[in-house]
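Working notes for the structure below.
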Amino acid sequence: MSTPTKEAAEPASKIDMKESGGGGEIPSFDVTLQVRRYDPEFSDEARWDEWTVTMYGTDRVLDALHKVKWEIDGSLTFRRSCAHGVCGSDAMRINGRNRLACKVLLKDLDTSKPVLVEPIKGLPVEKDLIVDMEPFFQSYREIMPFMVNNSPAPTGERIQSPEERERFDDTTKCILCAACTSSCPVFWTDGQYFGPAAIVNAHRFIFDSRDDAGDMRLEILNDKEGVWRCRTTFNCTDACPRGIEVTKAIQEVKRAVLTRSM
Amino acid sequence: MQVHKYDVVIVGAGGAGMRAAIESGQRAHTAVLTKLYPTRSHTGAAQGGMCAALANVEEDNWEWHTFDTVKGGDYLVDQDAAEVMAKEAIDAVLDLEKMGLPFNRTPEGKIDQRRFGGHTRDHGKAAVRRACYAADRTGHMILQTLYQNCVKHNVEFYNEYYVLDLLTVDEEVTREDGTTYMQKKTAGVVSYDLANGEIHVFQAKSVVFATGGLGKIFKTTSNAHTLTADGMALAYRAGIPLEDMEFVQFHPTGLAGLGILLSEAARGEGAILRNSEGERFMERYAPTIKDLAPRDIVARSMANEVREGRGAGPNKDYVLLDLTHLEPAHIDAKLPDITEFARTYLGVEPYTEPVPVFPTCHYAMGGVPTNVNAEVLQDNDTVVPGLYAAGEVACVSVHGSNRLGTNSLLDINVFGKRAGLAAAEYAATAEFVDIPENPTAFTENQLNAMRASTGGERTSTLRTELQETMDANMQVFRSEETIKEALAVIADLRLRYKNVQIQDKGKRFNLDLLEAVELGFLLDMAEVMTVAALHRKESRGGHYREDFPERDDENFMLHSMMYLDPESSTDGTNGIRADTKPVVFTRYEPMERKY
Amino acid sequence: MTTTKSDALLPAQGIEAPRSGRIDPKYLRSGSSKSGSFEMAAWVFMRVSGAALVVLIFVHLTVNLLVGEGIHQIDFGFVAGKWANPVWQFWDLAMLWLAMLHGGNGMRTIINDYAEKDSTRMWLKSILYLSVIVIIVLGTMVIFTFEPCLLDSSGQLLESSPSFCQNV
Amino acid sequence: MTQTKGTLYKGREGMWSWVGHRITGVGIFFFLLVHVLDTSLVRVSPEAYDAVIGAYKNPIMIVGEIGLVGAIVFHAFNGLRIILVDFWSQGTRYHRQMLWTVMGLWVITMIGFTVRHLMLFLDGWGGF
Ligand SMILES: Cc1cc2nc3c(=O)[nH]c(=O)nc-3n(C[C@H](O)[C@H](O)[C@H](O)COP(=O)(O)OP(=O)(O)OC[C@H]3O[C@@H](n4cnc5c(N)ncnc54)[C@H](O)[C@@H]3O)c2cc1C
Ligand code: HEM
Ligand code: SF4
Ligand code: F3S
Ligand code: FES
């Protein structure tokens, strides 16, 4: 950290505080939310509910959902926790695309039309926006998402160069939100495909220089439901809220499986 | 009602819970109950790093780390515990590395370390590189790595199981001198399956609480929606005291209105705090180190600007973090997370616009009292057999009145591991304690009453009122007047809470119901915090009393201990008995805390 | 490890950890019967055959449609003229095989994706395989047994015969 | 309930190119089935073959042929793009640019083909 204590004069700010800093009124606007709802306790049919709420410029879709839940209809159900895009609870389909509700600002949407909110596709819907995540985590568990190192542990750390560390950096960012897997047209078809998230997490270990079980993971993903089912549709990459290059990771795994069998 | 029987039940699957589960799961029949999928826990939000005196990049040792921790906590730290933590920090980091955590590396391939506020070499001589980190997502990597190892060791998770009651049994024990006391014993927990609303009883020899913090007591917080003080409230309701609850850390730079954390690194890189007039106000409060003053001082200065009408924004309720004089390339290189948060959430472009910030409730220094083996205490020194606590829910106390950055990720690993080991070891020889009769009665009555209520009060209204009063009266400035104001509001809210009515009458995923239950935890803990604050008539660390602005070692070099006690009445609040506990000193004499 | 079942004072029920055995059976992978290496080979084949087909098909289209009189030149004589040359015979044979196998495998993927029931899947694939075999066999036979210089009943060369038949 | 209905997923270039690839692939496959069958008629008799092939020379079929060639050309170029995405290390980063290239090449090829095909067709066409 640099210490800016010795500067001769206070560094010039590029803005006139009185104007921009004094801040105008945070704009408020009305948003219509259309949520696809389903509660098997009361009906086998899914339905669309619609509410119009007044929201502010800094509000996100999650805030609008909360507003409905807290002020209008307490039975509206969705998962959430951190509210800033790091826990992966609230992947849902917003205006047709998988997003984290806590990362989509309402003002970035076209609020002249209703905002459509649906559960993510391809996993069994349990209630409203909540889906059963178990099949998703099952695939994750199957790819051995943990370090395997059979050599005797050194007293200190295992040495790894910054370049070796960089090799799998991208895929360590995954928060297991399922936005990718549930955006994949192949996964939608029968839910048998391992799915991008499982492959991303396998990639994280396959390319970790400290790990010894890469071959086993490649074998697992050489399954008929493994990497070969990916048709490079890139929906996963587009959906990933962490900006992981998911398809790239999948392609690297495919090439690794190929190289290994040759 | 369904009954399960496990040697060890761990409540919470954040960093502390899963670290415990990895140890206990390999030694005893263990279940982890968590109201969230493990990887949703808030440990994943931590960015900065985890400290350990590895001395990988420069000279360092655990004794210096102990000193920094003690001093950072304004000497209210139990020094024996701080020593344990600083000493075991090294293994804690190496354990994680061997579990696979992808730490950033030095050119030689060792774990890289960086500086962090309050961590110094040789007792304050200069800043030291002690924080081990994985980019700007150390907490995320810790959470993922621990979960991965739980998968590896086949830990049994009960996901989306809310623990709503701690089952203990009181037994009369006669001391050597003939006097008697009530010894608590752990029998198990009662939990609620979110998916279908069924109640499950878990009988266990050992129960480990690792339920995290209480940020949602406040309106502005860096904490998750789900951090509602559950574990503290459950322990408290079961008759366990709570220690040092008045100490809450407010982080200076939360995104205004949202509370999302912007790391201290921003100011380290030269960002400047300004008020609505564009003035660099920290020059007035800390003329030499200005914006880089300690967290509590900066937070208070910011709040003071707002209070005196120099806040920015339409409601004049925040100040501005100005990065516009920095090169965009520099901002991108050093502060990518900050720029992303500011853009995503406030739509503010930090290259050209100042970012609205305000202190945000960040961390609870207090909690369920434990000794260094993570064993929960039912008073100043009696251990409750079979009950353990670790992580933010616990108070060991290693953070005293103010936690140093990076010491919490360390805390959850060191004491999480200790809790898991101790719980398994205890379970190896202990007998099950019989579950009390009607174990689910309390929980079921509570839930049924809420389901049936027609009182018309909304959970969200009460919660908002609580959070607003806490922000207004119990934040960085407190005085007898504001504390009493908060107490009055809380008392009123507690009455209204009886009339809380929920709208979702279903069994499946009834989060409406659970939010109402969580509000009960928040109200209880807000009250305890406020009463504790009322009793501490001094200013120390995160607790600042305008009517007592000085630290008062003579009268208050003591931990506070708050007991649920229906017979007691303190300053107008009924039901809380305030007591104290001595602070443990080993090598460091209290000094004035200045940097 | 100690016992799972509760045998103490409360009714004992050995309850599994939830949501691990609770997966919707639709998602359970029935321990893959078909070896992955087949899928890998198919994947590679799609790429190799695709690359080859680009050349084969583009030349085919150019020769048939873009040079000479284009579409109007195509008649029996044109085909006969081409197949008199073994290069074209081989060309069309390769195209036939590669395209059918490539297309057939592509169709197999698509059936795998969308058939909802195992029985439907089996039926569709049987029909697919059968038609691919029939077409390949038929096409191959046509190319190899093709007789360019047909005579009519009177023993005269047919009008549509390619010009080289005159020289025979 | 497994949600199969609801709104259409709003995929981007990658998804739509895949949809296109799949549809063209299926289309070409069925054409090929027919095409092999009609070509087999050369074994039956020249008249039969010429009669069927004659059908390809009618103006409606000409439009169909342009469609077919359009499908093949797209499938072929996009197939090459997929191969690049698979084997070129930077392929996934530039898949969008490559798709625009595919579309550009497709337009150029199709203009060329259509003009030439129509000219040749009109040249030799005797009218209805
Ligand atoms: C934004 C942010 C940044 C931070 N940065 C740093 C940093 O850089 N360095 C550092 O050292 N510290 C940092 N901290 C602090 C540190 O991250 C936390 O204190 C620590 O992670 C707490 O871990 P935990 O395991 O105690 O709780 P958590 O991770 O919060 O986990 C709580 C668990 O308890 C479960 N639970 C809660 N209630 C119940 C219930 N009733 N029944 C069942 N389960 C329940 C939840 O499901 C969850 O699994 C940061 C904190 C925040 C908010
Ligand atoms: C012209 C050259 C061709 C090239 C370069 C080519 C390339 C490809 C490639 C690379 C794939 C794999 C796509 C994937 O895995 O995602 C594919 C799939 C396919 N091809 Fe071709 N192909 C060509 C010609 C043909 C022909 C002639 C047919 C028809 C007989 C055909 C039918 C199909 C089908 C049905 C698929 C499956 C589509 C899917 O799974 O989505 N292709 N092609
Ligand atoms: S890869 Fe991205 S989208 Fe997929 S689960 Fe991980 S974070 Fe979510
Ligand atoms: S969306 Fe699916 S098809 Fe492949 S590129 Fe992503 S996994
Ligand atoms: S609530 Fe955590 S990712 Fe959105």
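Order determines the names: the first chain of the structure tokens is A, the second B, and so forth; residues in each chain are numbered 1 upward, and ligands are numbered 1 upward as they are shown.
Inspection of the environment of ligand 4, which uses only C-alpha atoms and all ligand atoms and a cut-off of 8 Å, identifies the neighbouring residues as Cys180, Thr181, Ser183, Cys184, Pro185, Val186, Phe187, Gly195, Pro196, Arg229, Cys230, Arg231, Thr232, Thr233, Phe234, Asn235, Cys236, Thr237, Val246, Thr247 and Ile250 of chain A; Met15 of chain D.
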Take the residues that were just selected and, keeping N, CA and C atoms, output them as a PDB file, in the first residue's frame.
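Below is the file part-v5.pdb, written as the result:
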ATOM      1  N   CYS A 180     -24.963 -21.756 -15.223  1.00  0.00           N
ATOM      2  CA  CYS A 180     -24.444 -22.317 -16.474  1.00  0.00           C
ATOM      3  C   CYS A 180     -25.167 -23.609 -16.833  1.00  0.00           C
ATOM      4  N   THR A 181     -25.155 -24.554 -15.912  1.00  0.00           N
ATOM      5  CA  THR A 181     -25.742 -25.863 -16.215  1.00  0.00           C
ATOM      6  C   THR A 181     -27.204 -25.728 -16.626  1.00  0.00           C
ATOM      7  N   SER A 183     -28.523 -23.327 -18.103  1.00  0.00           N
ATOM      8  CA  SER A 183     -28.713 -22.574 -19.348  1.00  0.00           C
ATOM      9  C   SER A 183     -28.341 -23.440 -20.544  1.00  0.00           C
ATOM     10  N   CYS A 184     -27.882 -24.648 -20.268  1.00  0.00           N
ATOM     11  CA  CYS A 184     -27.323 -25.470 -21.346  1.00  0.00           C
ATOM     12  C   CYS A 184     -28.425 -26.267 -22.050  1.00  0.00           C
ATOM     13  N   PRO A 185     -28.599 -26.041 -23.338  1.00  0.00           N
ATOM     14  CA  PRO A 185     -29.662 -26.732 -24.068  1.00  0.00           C
ATOM     15  C   PRO A 185     -29.523 -28.258 -23.994  1.00  0.00           C
ATOM     16  N   VAL A 186     -28.316 -28.738 -23.857  1.00  0.00           N
ATOM     17  CA  VAL A 186     -28.136 -30.180 -23.763  1.00  0.00           C
ATOM     18  C   VAL A 186     -28.614 -30.675 -22.397  1.00  0.00           C
ATOM     19  N   PHE A 187     -28.313 -29.913 -21.363  1.00  0.00           N
ATOM     20  CA  PHE A 187     -28.772 -30.318 -20.032  1.00  0.00           C
ATOM     21  C   PHE A 187     -30.299 -30.318 -19.956  1.00  0.00           C
ATOM     22  N   GLY A 195     -22.954 -31.534 -17.231  1.00  0.00           N
ATOM     23  CA  GLY A 195     -23.194 -30.096 -17.166  1.00  0.00           C
ATOM     24  C   GLY A 195     -21.926 -29.298 -16.984  1.00  0.00           C
ATOM     25  N   PRO A 196     -21.953 -28.055 -17.461  1.00  0.00           N
ATOM     26  CA  PRO A 196     -20.765 -27.219 -17.431  1.00  0.00           C
ATOM     27  C   PRO A 196     -20.183 -27.010 -16.034  1.00  0.00           C
ATOM     28  N   ARG A 229     -20.883 -34.420 -24.726  1.00  0.00           N
ATOM     29  CA  ARG A 229     -22.242 -33.943 -25.000  1.00  0.00           C
ATOM     30  C   ARG A 229     -22.285 -32.427 -25.206  1.00  0.00           C
ATOM     31  N   CYS A 230     -21.232 -31.745 -24.839  1.00  0.00           N
ATOM     32  CA  CYS A 230     -21.243 -30.292 -25.026  1.00  0.00           C
ATOM     33  C   CYS A 230     -21.215 -29.959 -26.506  1.00  0.00           C
ATOM     34  N   ARG A 231     -22.145 -29.127 -26.954  1.00  0.00           N
ATOM     35  CA  ARG A 231     -22.211 -28.741 -28.364  1.00  0.00           C
ATOM     36  C   ARG A 231     -21.743 -27.310 -28.561  1.00  0.00           C
ATOM     37  N   THR A 232     -20.924 -26.823 -27.636  1.00  0.00           N
ATOM     38  CA  THR A 232     -20.385 -25.457 -27.702  1.00  0.00           C
ATOM     39  C   THR A 232     -21.442 -24.404 -28.037  1.00  0.00           C
ATOM     40  N   THR A 233     -22.508 -24.395 -27.264  1.00  0.00           N
ATOM     41  CA  THR A 233     -23.525 -23.374 -27.512  1.00  0.00           C
ATOM     42  C   THR A 233     -23.248 -22.079 -26.751  1.00  0.00           C
ATOM     43  N   PHE A 234     -22.268 -22.116 -25.857  1.00  0.00           N
ATOM     44  CA  PHE A 234     -21.818 -20.909 -25.150  1.00  0.00           C
ATOM     45  C   PHE A 234     -22.863 -20.277 -24.239  1.00  0.00           C
ATOM     46  N   ASN A 235     -24.018 -20.880 -24.074  1.00  0.00           N
ATOM     47  CA  ASN A 235     -24.974 -20.302 -23.125  1.00  0.00           C
ATOM     48  C   ASN A 235     -24.366 -20.236 -21.728  1.00  0.00           C
ATOM     49  N   CYS A 236     -23.585 -21.262 -21.395  1.00  0.00           N
ATOM     50  CA  CYS A 236     -22.993 -21.316 -20.062  1.00  0.00           C
ATOM     51  C   CYS A 236     -22.057 -20.137 -19.844  1.00  0.00           C
ATOM     52  N   THR A 237     -21.201 -19.891 -20.830  1.00  0.00           N
ATOM     53  CA  THR A 237     -20.260 -18.783 -20.710  1.00  0.00           C
ATOM     54  C   THR A 237     -21.018 -17.463 -20.582  1.00  0.00           C
ATOM     55  N   VAL A 246     -16.434 -20.532 -19.340  1.00  0.00           N
ATOM     56  CA  VAL A 246     -16.842 -21.909 -19.095  1.00  0.00           C
ATOM     57  C   VAL A 246     -16.561 -22.803 -20.310  1.00  0.00           C
ATOM     58  N   THR A 247     -16.986 -22.336 -21.483  1.00  0.00           N
ATOM     59  CA  THR A 247     -16.800 -23.175 -22.665  1.00  0.00           C
ATOM     60  C   THR A 247     -15.316 -23.429 -22.911  1.00  0.00           C
ATOM     61  N   ILE A 250     -14.287 -26.193 -20.767  1.00  0.00           N
ATOM     62  CA  ILE A 250     -14.789 -27.482 -21.263  1.00  0.00           C
ATOM     63  C   ILE A 250     -13.925 -27.954 -22.432  1.00  0.00           C
TER      64      ILE A 250
ATOM     65  N   MET D  15     -25.849 -19.962 -29.067  1.00  0.00           N
ATOM     66  CA  MET D  15     -26.989 -20.866 -29.058  1.00  0.00           C
ATOM     67  C   MET D  15     -27.688 -20.872 -30.414  1.00  0.00           C
TER      68      MET D  15
END
* Tell me, as a PyMOL selection string, which residues lie within 9 Å of Leu33 of chain D, counting only C-alpha atoms; anything in the same chain fewer than 6 positions away does not count. => chain C and resi 100+131-132+135
Mind dumping a table of every chain B residue within 10 Å of ligand 5, with the nearest atom pair and its distance in Å to one decimal, using only C-alpha atoms and all ligand atoms, sorted by chain and rising number, as a Markdown table?
| residue | atom | partner | partner_atom_place_in_ligand_line | distance |
| --- | --- | --- | --- | --- |
| B:Arg40 | CA | ligand 5 | 2 (Fe) | 7.0 |
| B:Ser41 | CA | ligand 5 | 2 (Fe) | 9.1 |
| B:His42 | CA | ligand 5 | 2 (Fe) | 8.8 |
| B:Gly44 | CA | ligand 5 | 2 (Fe) | 9.6 |
| B:Ala45 | CA | ligand 5 | 2 (Fe) | 9.0 |
| B:Ala224 | CA | ligand 5 | 1 (S) | 7.8 |
| B:His225 | CA | ligand 5 | 1 (S) | 8.1 |
| B:Thr226 | CA | ligand 5 | 1 (S) | 9.7 |
* Could the residues that lie within 8 Å of ligand 2, counting only C-alpha atoms and all ligand atoms, be listed as a ChimeraX atom specification? => /A:228-232 /C:43,46-58,99-110 /D:18-19,21-32,72-73,75-83
* Would you give me, as a ChimeraX atom specification, the residues of chain A that come within 10 Å of chain D, using only C-alpha atoms? => /A:36,38-40,44-48,93-98,116-127,131-132,183-185,188-189,231-239,245-252,254-255
* Select from chain D everything DSSP, run on the backbone, classes as alpha helix (DSSP H), then give the selection as a PyMOL selection string. => chain D and resi 13-40+46-55+59-87+95-124
* Kindly indicate which residue among B:Gly278, B:Gly416, B:Gly197, B:Pro336 lies nearest to ligand 1, using only C-alpha atoms and all ligand atoms for the distances. =>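 Ranked by minimum distance to ligand 1, first place goes to B:Gly416.
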* Asked: ligand 3: which residues are within 7 Å, counting only C-alpha atoms and all ligand atoms, as a VMD selection string?
  -> chain A and resid 88 173 to 181 196 to 197 200 236 239 to 244 246
Output C-alpha atoms of each residue in that selection to a file, as a CSV table (one decimal), in the first residue's frame.
chain,number,residue,atom,x,y,z
A,88,GLY,CA,-24.7,-18.3,-5.7
A,173,LYS,CA,-14.0,-18.6,-9.2
A,174,CYS,CA,-17.1,-20.8,-9.5
A,175,ILE,CA,-19.7,-20.3,-6.8
A,176,LEU,CA,-21.9,-23.3,-7.8
A,177,CYS,CA,-24.9,-21.2,-8.7
A,178,ALA,CA,-26.0,-23.5,-11.5
A,179,ALA,CA,-26.6,-20.6,-13.9
A,180,CYS,CA,-24.4,-22.3,-16.5
A,181,THR,CA,-25.7,-25.9,-16.2
A,196,PRO,CA,-20.8,-27.2,-17.4
A,197,ALA,CA,-20.5,-26.5,-13.7
A,200,VAL,CA,-15.6,-26.4,-14.6
A,236,CYS,CA,-23.0,-21.3,-20.1
A,239,ALA,CA,-24.7,-17.0,-18.1
A,240,CYS,CA,-21.8,-17.3,-15.7
A,241,PRO,CA,-22.1,-14.4,-13.2
A,242,ARG,CA,-18.4,-14.8,-12.3
A,243,GLY,CA,-17.3,-14.3,-15.8
A,244,ILE,CA,-15.7,-17.7,-16.0
A,246,VAL,CA,-16.8,-21.9,-19.1
* When you get a sec, could you note down which chain C residues fall within 6 Å of chain A, using only C-alpha atoms, as an NGL selection string? => :C and (23 or 27 or 36 or 39 or 113-114)
* Within segment 104-190 of chain A, find each residue whose DSSP state, derived from the backbone, is strand (DSSP E or B), and express the selection as a PyMOL selection string. => chain A and resi 105+115-118+124-127+130-131
* Quick one: distance from atom CA of Met110 of chain D to atom CA of Leu84 of chain D in Å, one decimal? ->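 Between these atoms lies a distance of 22.3 Å.
Nearest to ligand 1 of all the residues A:Thr111, A:Ser209, A:Asn150, A:Ser89 is A:Ser89, counting only C-alpha atoms and all ligand atoms.
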* Write out as a list of chain:residue names each polymer residue whose atoms come within 12 Å of Ala51 of chain D, counting only C-alpha atoms; drop sequence neighbours fewer than 6 positions from it. =>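 Those residues are C:Ile74, C:Asp75, C:Phe76, D:Asp38, D:Thr39, D:Leu41, D:Val42, D:Val44, D:Ser45, D:Lys57, D:Asn58.
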* When the cut-off is 9 Å and we count only C-alpha atoms, which residues of chain B are near chain C, given as an MDAnalysis selection string? -> chainID B and resid 2:7 26:31 156:159 203 432 434:435
* **Separation of atom 32 (C, counted along the ligand's line) of ligand 1 from atom CA of Ala229 of chain B, in Å and rounded to one decimal** => 9.4 Å
* Asked: Nearest to ligand 1 among B:Gly268, B:Gly109, B:Pro549, B:Gly139, with distances taken over only C-alpha atoms and all ligand atoms: which residue is it?
  ->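 For ligand 1, the nearest of the given residues is B:Gly139.
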